[in-house]
file input.pdb (PDB, C-alpha atoms)
ATOM      1  CA  MET A   1     -34.146 -29.247   5.433  1.00  0.00           C
ATOM      2  CA  ASP A   2     -35.093 -30.520   8.871  1.00  0.00           C
ATOM      3  CA  ARG A   3     -34.526 -28.605  12.085  1.00  0.00           C
ATOM      4  CA  SER A   4     -31.290 -30.428  12.946  1.00  0.00           C
ATOM      5  CA  ASP A   5     -29.776 -29.553   9.558  1.00  0.00           C
ATOM      6  CA  HIS A   6     -30.752 -25.896  10.052  1.00  0.00           C
ATOM      7  CA  THR A   7     -29.198 -25.865  13.527  1.00  0.00           C
ATOM      8  CA  ALA A   8     -25.985 -27.408  12.220  1.00  0.00           C
ATOM      9  CA  HIS A   9     -25.826 -24.841   9.430  1.00  0.00           C
ATOM     10  CA  ARG A  10     -26.342 -21.926  11.867  1.00  0.00           C
ATOM     11  CA  ALA A  11     -23.619 -23.278  14.151  1.00  0.00           C
ATOM     12  CA  ALA A  12     -21.085 -22.963  11.355  1.00  0.00           C
ATOM     13  CA  THR A  13     -22.378 -19.680   9.980  1.00  0.00           C
ATOM     14  CA  PRO A  14     -21.442 -16.301  11.448  1.00  0.00           C
ATOM     15  CA  GLY A  15     -24.326 -14.797  13.364  1.00  0.00           C
ATOM     16  CA  ALA A  16     -25.555 -11.241  13.433  1.00  0.00           C
ATOM     17  CA  ARG A  17     -22.505 -10.116  15.377  1.00  0.00           C
ATOM     18  CA  GLY A  18     -20.048 -12.320  13.476  1.00  0.00           C
ATOM     19  CA  HIS A  19     -19.897 -15.022  16.162  1.00  0.00           C
ATOM     20  CA  THR A  20     -20.028 -18.711  15.400  1.00  0.00           C
ATOM     21  CA  ALA A  21     -21.281 -21.389  17.781  1.00  0.00           C
ATOM     22  CA  GLN A  22     -17.654 -22.148  18.669  1.00  0.00           C
ATOM     23  CA  GLY A  23     -17.333 -18.683  20.224  1.00  0.00           C
ATOM     24  CA  HIS A  24     -14.881 -17.298  17.699  1.00  0.00           C
ATOM     25  CA  THR A  25     -15.684 -14.376  15.487  1.00  0.00           C
ATOM     26  CA  ALA A  26     -15.653 -14.729  11.741  1.00  0.00           C
ATOM     27  CA  HIS A  27     -12.713 -12.313  11.761  1.00  0.00           C
ATOM     28  CA  ASP A  28     -10.693 -14.604  14.064  1.00  0.00           C
ATOM     29  CA  GLN A  29     -11.091 -17.369  11.508  1.00  0.00           C
ATOM     30  CA  HIS A  30      -9.573 -15.175   8.805  1.00  0.00           C
ATOM     31  CA  GLY A  31      -6.606 -14.093  10.908  1.00  0.00           C
ATOM     32  CA  HIS A  32      -7.863 -10.648  11.884  1.00  0.00           C
ATOM     33  CA  GLY A  33      -9.675 -10.894  15.184  1.00  0.00           C
ATOM     34  CA  ALA A  34      -8.650  -9.401  18.490  1.00  0.00           C
ATOM     35  CA  GLY A  35      -4.967  -9.978  17.684  1.00  0.00           C
ATOM     36  CA  GLY A  36      -5.148  -7.872  14.520  1.00  0.00           C
ATOM     37  CA  ALA A  37      -5.086  -8.622  10.832  1.00  0.00           C
ATOM     38  CA  SER A  38      -2.228 -10.306   9.060  1.00  0.00           C
ATOM     39  CA  TRP A  39      -0.196  -8.304   6.578  1.00  0.00           C
ATOM     40  CA  GLY A  40      -1.241 -10.785   3.873  1.00  0.00           C
ATOM     41  CA  ILE A  41      -4.950 -10.158   4.475  1.00  0.00           C
ATOM     42  CA  ALA A  42      -4.355  -6.389   4.528  1.00  0.00           C
ATOM     43  CA  ALA A  43      -2.316  -6.507   1.308  1.00  0.00           C
ATOM     44  CA  LYS A  44      -4.983  -8.626  -0.409  1.00  0.00           C
ATOM     45  CA  ALA A  45      -7.741  -6.202   0.645  1.00  0.00           C
ATOM     46  CA  THR A  46      -5.652  -3.239  -0.516  1.00  0.00           C
ATOM     47  CA  ALA A  47      -4.839  -4.880  -3.859  1.00  0.00           C
ATOM     48  CA  HIS A  48      -8.552  -5.630  -4.364  1.00  0.00           C
ATOM     49  CA  CYS A  49      -9.411  -2.003  -3.692  1.00  0.00           C
ATOM     50  CA  LEU A  50      -6.515  -0.681  -5.768  1.00  0.00           C
ATOM     51  CA  THR A  51      -7.577  -2.741  -8.776  1.00  0.00           C
ATOM     52  CA  GLY A  52     -10.949  -1.017  -8.932  1.00  0.00           C
ATOM     53  CA  CYS A  53      -9.399   2.373  -8.218  1.00  0.00           C
ATOM     54  CA  ALA A  54      -6.779   1.953 -10.922  1.00  0.00           C
ATOM     55  CA  LEU A  55      -9.295   0.879 -13.551  1.00  0.00           C
ATOM     56  CA  GLY A  56     -11.587   3.778 -12.758  1.00  0.00           C
ATOM     57  CA  GLU A  57      -8.826   6.333 -12.552  1.00  0.00           C
ATOM     58  CA  ILE A  58      -7.168   5.273 -15.796  1.00  0.00           C
ATOM     59  CA  LEU A  59     -10.521   5.256 -17.577  1.00  0.00           C
ATOM     60  CA  GLY A  60     -11.256   8.742 -16.239  1.00  0.00           C
ATOM     61  CA  MET A  61      -7.885  10.037 -17.405  1.00  0.00           C
ATOM     62  CA  VAL A  62      -8.385   8.513 -20.852  1.00  0.00           C
ATOM     63  CA  ILE A  63     -11.898   9.957 -21.209  1.00  0.00           C
ATOM     64  CA  GLY A  64     -10.888  13.407 -19.949  1.00  0.00           C
ATOM     65  CA  THR A  65      -7.866  13.489 -22.232  1.00  0.00           C
ATOM     66  CA  ALA A  66      -9.828  12.246 -25.242  1.00  0.00           C
ATOM     67  CA  LEU A  67     -12.453  14.950 -24.659  1.00  0.00           C
ATOM     68  CA  LEU A  68      -9.683  17.575 -24.304  1.00  0.00           C
ATOM     69  CA  TRP A  69     -10.835  18.487 -20.793  1.00  0.00           C
ATOM     70  CA  SER A  70      -8.587  20.511 -18.523  1.00  0.00           C
ATOM     71  CA  ASN A  71      -6.850  18.921 -15.526  1.00  0.00           C
ATOM     72  CA  VAL A  72      -9.467  19.581 -12.842  1.00  0.00           C
ATOM     73  CA  PRO A  73     -12.519  18.050 -14.561  1.00  0.00           C
ATOM     74  CA  THR A  74     -10.388  15.136 -15.752  1.00  0.00           C
ATOM     75  CA  MET A  75      -9.192  14.448 -12.191  1.00  0.00           C
ATOM     76  CA  VAL A  76     -12.729  14.778 -10.822  1.00  0.00           C
ATOM     77  CA  LEU A  77     -13.973  12.237 -13.369  1.00  0.00           C
ATOM     78  CA  ALA A  78     -11.026   9.925 -12.657  1.00  0.00           C
ATOM     79  CA  ILE A  79     -11.632  10.051  -8.900  1.00  0.00           C
ATOM     80  CA  ALA A  80     -15.386   9.509  -9.317  1.00  0.00           C
ATOM     81  CA  LEU A  81     -14.764   6.504 -11.551  1.00  0.00           C
ATOM     82  CA  ALA A  82     -12.145   5.167  -9.125  1.00  0.00           C
ATOM     83  CA  PHE A  83     -14.765   5.146  -6.362  1.00  0.00           C
ATOM     84  CA  LEU A  84     -17.383   3.681  -8.704  1.00  0.00           C
ATOM     85  CA  PHE A  85     -15.141   0.837  -9.871  1.00  0.00           C
ATOM     86  CA  GLY A  86     -13.729   0.254  -6.387  1.00  0.00           C
ATOM     87  CA  TYR A  87     -17.215  -0.100  -4.920  1.00  0.00           C
ATOM     88  CA  SER A  88     -18.462  -2.158  -7.868  1.00  0.00           C
ATOM     89  CA  PHE A  89     -15.924  -4.929  -7.259  1.00  0.00           C
ATOM     90  CA  THR A  90     -17.183  -5.348  -3.701  1.00  0.00           C
ATOM     91  CA  LEU A  91     -20.821  -4.980  -4.766  1.00  0.00           C
ATOM     92  CA  TYR A  92     -20.403  -7.749  -7.311  1.00  0.00           C
ATOM     93  CA  ALA A  93     -18.908 -10.111  -4.723  1.00  0.00           C
ATOM     94  CA  VAL A  94     -21.499  -9.519  -2.011  1.00  0.00           C
ATOM     95  CA  LEU A  95     -24.433  -9.573  -4.428  1.00  0.00           C
ATOM     96  CA  ARG A  96     -23.223 -12.998  -5.589  1.00  0.00           C
ATOM     97  CA  ALA A  97     -23.278 -14.057  -1.931  1.00  0.00           C
ATOM     98  CA  GLY A  98     -27.006 -13.315  -1.877  1.00  0.00           C
ATOM     99  CA  LEU A  99     -27.297  -9.886  -0.258  1.00  0.00           C
ATOM    100  CA  SER A 100     -29.965  -7.467  -1.365  1.00  0.00           C
ATOM    101  CA  LEU A 101     -28.773  -4.434  -3.316  1.00  0.00           C
ATOM    102  CA  LYS A 102     -29.388  -2.154  -0.321  1.00  0.00           C
ATOM    103  CA  ALA A 103     -27.389  -4.407   2.022  1.00  0.00           C
ATOM    104  CA  ALA A 104     -24.642  -4.849  -0.581  1.00  0.00           C
ATOM    105  CA  VAL A 105     -24.288  -1.077  -0.990  1.00  0.00           C
ATOM    106  CA  ARG A 106     -23.943  -0.706   2.793  1.00  0.00           C
ATOM    107  CA  VAL A 107     -21.252  -3.403   2.890  1.00  0.00           C
ATOM    108  CA  ALA A 108     -19.347  -1.838  -0.022  1.00  0.00           C
ATOM    109  CA  LEU A 109     -19.458   1.621   1.547  1.00  0.00           C
ATOM    110  CA  ALA A 110     -18.268   0.270   4.898  1.00  0.00           C
ATOM    111  CA  ALA A 111     -15.612  -1.925   3.320  1.00  0.00           C
ATOM    112  CA  ASP A 112     -14.025   0.409   0.825  1.00  0.00           C
ATOM    113  CA  THR A 113     -14.635   4.099   1.514  1.00  0.00           C
ATOM    114  CA  VAL A 114     -11.611   4.802   3.704  1.00  0.00           C
ATOM    115  CA  SER A 115      -9.308   2.650   1.587  1.00  0.00           C
ATOM    116  CA  ILE A 116     -10.362   4.248  -1.708  1.00  0.00           C
ATOM    117  CA  ALA A 117     -10.234   7.751  -0.245  1.00  0.00           C
ATOM    118  CA  ILE A 118      -6.670   7.287   1.009  1.00  0.00           C
ATOM    119  CA  MET A 119      -5.533   5.732  -2.254  1.00  0.00           C
ATOM    120  CA  GLU A 120      -7.053   8.513  -4.321  1.00  0.00           C
ATOM    121  CA  LEU A 121      -5.621  11.221  -2.087  1.00  0.00           C
ATOM    122  CA  VAL A 122      -2.106   9.762  -2.191  1.00  0.00           C
ATOM    123  CA  ASP A 123      -2.153   8.891  -5.875  1.00  0.00           C
ATOM    124  CA  ASN A 124      -3.495  12.256  -6.994  1.00  0.00           C
ATOM    125  CA  LEU A 125      -1.091  14.149  -4.734  1.00  0.00           C
ATOM    126  CA  ILE A 126       1.812  12.318  -6.314  1.00  0.00           C
ATOM    127  CA  ILE A 127       0.554  13.078  -9.807  1.00  0.00           C
ATOM    128  CA  ALA A 128      -0.061  16.734  -8.901  1.00  0.00           C
ATOM    129  CA  LEU A 129       3.373  17.099  -7.272  1.00  0.00           C
ATOM    130  CA  THR A 130       5.325  15.350 -10.049  1.00  0.00           C
ATOM    131  CA  PRO A 131       6.695  18.144 -12.275  1.00  0.00           C
ATOM    132  CA  GLY A 132       5.064  18.003 -15.692  1.00  0.00           C
ATOM    133  CA  ALA A 133       2.809  15.029 -14.936  1.00  0.00           C
ATOM    134  CA  MET A 134      -0.396  17.058 -14.993  1.00  0.00           C
ATOM    135  CA  ASP A 135       0.389  18.287 -18.494  1.00  0.00           C
ATOM    136  CA  ALA A 136       1.682  14.967 -19.818  1.00  0.00           C
ATOM    137  CA  HIS A 137      -0.313  13.157 -22.490  1.00  0.00           C
ATOM    138  CA  LEU A 138      -1.406   9.522 -22.460  1.00  0.00           C
ATOM    139  CA  SER A 139       1.426   8.718 -24.856  1.00  0.00           C
ATOM    140  CA  ASP A 140       4.071  10.188 -22.498  1.00  0.00           C
ATOM    141  CA  GLY A 141       6.118   7.959 -20.238  1.00  0.00           C
ATOM    142  CA  LEU A 142       5.936  10.658 -17.560  1.00  0.00           C
ATOM    143  CA  PHE A 143       2.146  10.315 -17.389  1.00  0.00           C
ATOM    144  CA  TRP A 144       2.314   6.555 -16.861  1.00  0.00           C
ATOM    145  CA  SER A 145       5.283   6.600 -14.500  1.00  0.00           C
ATOM    146  CA  ALA A 146       3.636   9.228 -12.270  1.00  0.00           C
ATOM    147  CA  LEU A 147       0.327   7.358 -12.331  1.00  0.00           C
ATOM    148  CA  LEU A 148       1.815   3.917 -11.660  1.00  0.00           C
ATOM    149  CA  GLY A 149       4.246   5.322  -9.110  1.00  0.00           C
ATOM    150  CA  GLY A 150       1.302   6.987  -7.394  1.00  0.00           C
ATOM    151  CA  PHE A 151      -0.537   3.658  -7.287  1.00  0.00           C
ATOM    152  CA  ALA A 152       2.507   1.955  -5.773  1.00  0.00           C
ATOM    153  CA  VAL A 153       2.903   4.586  -3.054  1.00  0.00           C
ATOM    154  CA  ALA A 154      -0.860   4.567  -2.423  1.00  0.00           C
ATOM    155  CA  PHE A 155      -0.692   0.791  -1.919  1.00  0.00           C
ATOM    156  CA  LEU A 156       2.158   1.165   0.582  1.00  0.00           C
ATOM    157  CA  VAL A 157       0.346   3.902   2.506  1.00  0.00           C
ATOM    158  CA  THR A 158      -3.083   2.227   2.480  1.00  0.00           C
ATOM    159  CA  THR A 159      -2.047  -1.325   3.447  1.00  0.00           C
ATOM    160  CA  PRO A 160      -1.177  -0.468   7.098  1.00  0.00           C
ATOM    161  CA  VAL A 161      -4.430   1.491   7.407  1.00  0.00           C
ATOM    162  CA  ASN A 162      -6.388  -1.498   6.080  1.00  0.00           C
ATOM    163  CA  LYS A 163      -4.481  -3.807   8.457  1.00  0.00           C
ATOM    164  CA  TRP A 164      -5.446  -1.616  11.396  1.00  0.00           C
ATOM    165  CA  MET A 165      -9.094  -1.365  10.288  1.00  0.00           C
ATOM    166  CA  ILE A 166      -9.506  -5.070   9.509  1.00  0.00           C
ATOM    167  CA  GLY A 167      -7.973  -5.952  12.868  1.00  0.00           C
ATOM    168  CA  ARG A 168     -10.771  -3.972  14.493  1.00  0.00           C
ATOM    169  CA  GLY A 169     -13.540  -5.515  12.399  1.00  0.00           C
ATOM    170  CA  LYS A 170     -13.863  -2.449  10.162  1.00  0.00           C
ATOM    171  CA  GLY A 171     -13.165  -1.723   6.509  1.00  0.00           C
ATOM    172  CA  HIS A 172     -12.672  -4.801   4.368  1.00  0.00           C
ATOM    173  CA  ALA A 173     -13.346  -7.055   7.363  1.00  0.00           C
ATOM    174  CA  VAL A 174     -17.094  -6.571   6.841  1.00  0.00           C
ATOM    175  CA  VAL A 175     -16.826  -8.323   3.471  1.00  0.00           C
ATOM    176  CA  HIS A 176     -15.298 -11.520   4.851  1.00  0.00           C
ATOM    177  CA  ALA A 177     -18.616 -12.784   6.204  1.00  0.00           C
ATOM    178  CA  TYR A 178     -19.760 -13.059   2.574  1.00  0.00           C
ATOM    179  CA  HIS A 179     -16.768 -14.903   1.067  1.00  0.00           C
TER     180      HIS A 179
END

call {"tool": "encode", "arguments": {"input": "input.pdb", "output": "structure tokens"}}
result
Amino acid sequence: MDRSDHTAHRAATPGARGHTAQGHTAHDQHGHGAGGASWGIAAKATAHCLTGCALGEILGMVIGTALLWSNVPTMVLAIALAFLFGYSFTLYAVLRAGLSLKAAVRVALAADTVSIAIMELVDNLIIALTPGAMDAHLSDGLFWSALLGGFAVAFLVTTPVNKWMIGRGKGHAVVHAYH
């Protein structure tokens, strides 16, 4: 590639601070610059995060139940797997974009930590506060309704937080440079 091609590519690529040659930030181009993030972007980021959380949490509950663990170790495993799966979705995406593993881990931590933490807090509080849900088995409707209801409430609570964070260039906004 000659120098002019390289210059043209850099002009259209976000720089170290997220600015393009046109003077707009990468976040402005995705609808979440100085004016704030759109609800659609926030909902998409939250759904992305919730997908990983839900997979990890359900897997943790299934493993803990299958191993006949008590509630506390099962919840600890479920929460740990929720974080693991939540981060892994972002890691996969940014590694495909060409980041090193170290840089990808930093992006995933910055993008998802607050979102996953809020979702896990809300979801597990709902499960813990739903009468009988902690003692329900995987085959019980109460288990699944408390879990899925917790996910729904966690989504509703986390989306405005993600909107606020993305609008300030934080949280999931750090991933957009790699899409």

call {"tool": "resolve_selection", "arguments": {"input": "input.pdb", "expression": "the PyMOL selection byres ((chain A and resi 132-135) around 10)", "output": "list in words"}}
result
Ser70, Asn71, Val72, Met75, Asn124, Ile126, Ile127, Ala128, Leu129, Thr130, Pro131, Ala136, His137, Leu138, Asp140, Gly141, Leu142, Phe143, Trp144, Ser145, Ala146 and Leu147 of chain A

call {"tool": "resolve_selection", "arguments": {"input": "input.pdb", "expression": "the PyMOL selection byres ((chain A and resi 164) around 12)", "output": "number ranges by chain"}}
result
A: 32-39, 41-43, 45, 114-115, 157-163, 165-173

call {"tool": "atom_distance", "arguments": {"input": "input.pdb", "atom1": "CA of Val107 (chain A)", "atom2": "CA of Leu125 (chain A)"}}
result
27.8 Å

call {"tool": "atom_distance", "arguments": {"input": "input.pdb", "atom1": "CA of Leu81 (chain A)", "atom2": "CA of Ala154 (chain A)"}}
result
16.7 Å

call {"tool": "closest_residue", "arguments": {"input": "input.pdb", "among": "A:Ala93, A:Val153, A:Leu101, A:Ala80", "to": "His48 (chain A)", "atoms": "all atoms listed in the file"}}
result
A:Ala93

call {"tool": "atom_distance", "arguments": {"input": "input.pdb", "atom1": "CA of Met61 (chain A)", "atom2": "CA of Phe89 (chain A)"}}
result
19.8 Å

call {"tool": "residues_around", "arguments": {"input": "input.pdb", "residues": "Gly86 (chain A)", "least_positions_apart": "2", "cutoff": "6 Å", "atoms": "all atoms listed in the file", "output": "list in words"}}
result
Cys49, Gly52, Cys53, Ala82, Phe83, Leu84, Ser88 and Phe89 of chain A

call {"tool": "residues_around", "arguments": {"input": "input.pdb", "residues": "region 95-98 of chain A", "least_positions_apart": "4", "cutoff": "12 Å", "atoms": "only C-alpha atoms", "output": "number ranges by chain"}}
result
A: 87-91, 102-108, 175-179

call {"tool": "decode", "arguments": {"input": "input.pdb", "residues": "region 67-90 of chain A", "atoms": "N, CA and C atoms", "output": "short mmCIF file (atom, residue, chain, number, x, y, z; two decimals), in the first residue's frame"}}
result
data_model
loop_
_atom_site.label_atom_id
_atom_site.label_comp_id
_atom_site.auth_asym_id
_atom_site.auth_seq_id
_atom_site.Cartn_x
_atom_site.Cartn_y
_atom_site.Cartn_z
N LEU A 67 -24.84 -31.44 40.76
CA LEU A 67 -23.86 -31.91 41.74
C LEU A 67 -24.41 -31.89 43.17
N LEU A 68 -25.69 -31.53 43.30
CA LEU A 68 -26.37 -31.47 44.60
C LEU A 68 -25.72 -30.49 45.57
N TRP A 69 -25.19 -29.39 45.01
CA TRP A 69 -24.59 -28.35 45.84
C TRP A 69 -25.69 -27.55 46.54
N SER A 70 -25.34 -26.91 47.62
CA SER A 70 -26.30 -26.04 48.30
C SER A 70 -26.43 -24.73 47.50
N ASN A 71 -27.30 -23.85 47.97
CA ASN A 71 -27.60 -22.62 47.24
C ASN A 71 -26.39 -21.70 47.05
N VAL A 72 -25.62 -21.48 48.10
CA VAL A 72 -24.53 -20.50 48.01
C VAL A 72 -23.46 -20.90 46.99
N PRO A 73 -22.91 -22.12 47.05
CA PRO A 73 -21.91 -22.46 46.04
C PRO A 73 -22.48 -22.49 44.62
N THR A 74 -23.74 -22.89 44.51
CA THR A 74 -24.38 -22.89 43.18
C THR A 74 -24.47 -21.47 42.64
N MET A 75 -24.89 -20.52 43.49
CA MET A 75 -24.99 -19.13 43.04
C MET A 75 -23.61 -18.55 42.72
N VAL A 76 -22.62 -18.89 43.51
CA VAL A 76 -21.26 -18.40 43.25
C VAL A 76 -20.78 -18.90 41.89
N LEU A 77 -20.99 -20.19 41.63
CA LEU A 77 -20.61 -20.75 40.32
C LEU A 77 -21.39 -20.07 39.20
N ALA A 78 -22.69 -19.89 39.39
CA ALA A 78 -23.53 -19.27 38.36
C ALA A 78 -23.06 -17.84 38.07
N ILE A 79 -22.75 -17.09 39.10
CA ILE A 79 -22.29 -15.71 38.90
C ILE A 79 -20.92 -15.70 38.21
N ALA A 80 -20.02 -16.58 38.65
CA ALA A 80 -18.70 -16.64 38.01
C ALA A 80 -18.82 -16.99 36.53
N LEU A 81 -19.68 -17.95 36.21
CA LEU A 81 -19.86 -18.32 34.82
C LEU A 81 -20.57 -17.22 34.02
N ALA A 82 -21.46 -16.47 34.67
CA ALA A 82 -22.10 -15.35 34.00
C ALA A 82 -21.06 -14.31 33.58
N PHE A 83 -20.14 -13.99 34.47
CA PHE A 83 -19.06 -13.07 34.11
C PHE A 83 -18.18 -13.66 33.01
N LEU A 84 -17.83 -14.93 33.15
CA LEU A 84 -16.97 -15.58 32.16
C LEU A 84 -17.60 -15.55 30.77
N PHE A 85 -18.85 -15.97 30.68
CA PHE A 85 -19.54 -15.98 29.39
C PHE A 85 -19.78 -14.56 28.87
N GLY A 86 -20.16 -13.65 29.77
CA GLY A 86 -20.37 -12.26 29.35
C GLY A 86 -19.11 -11.66 28.75
N TYR A 87 -17.99 -11.84 29.42
CA TYR A 87 -16.71 -11.34 28.91
C TYR A 87 -16.31 -12.07 27.64
N SER A 88 -16.57 -13.37 27.56
CA SER A 88 -16.10 -14.15 26.41
C SER A 88 -16.77 -13.70 25.10
N PHE A 89 -18.01 -13.26 25.16
CA PHE A 89 -18.66 -12.77 23.94
C PHE A 89 -17.92 -11.55 23.40
N THR A 90 -17.58 -10.63 24.29
CA THR A 90 -16.84 -9.44 23.87
C THR A 90 -15.43 -9.80 23.43
#
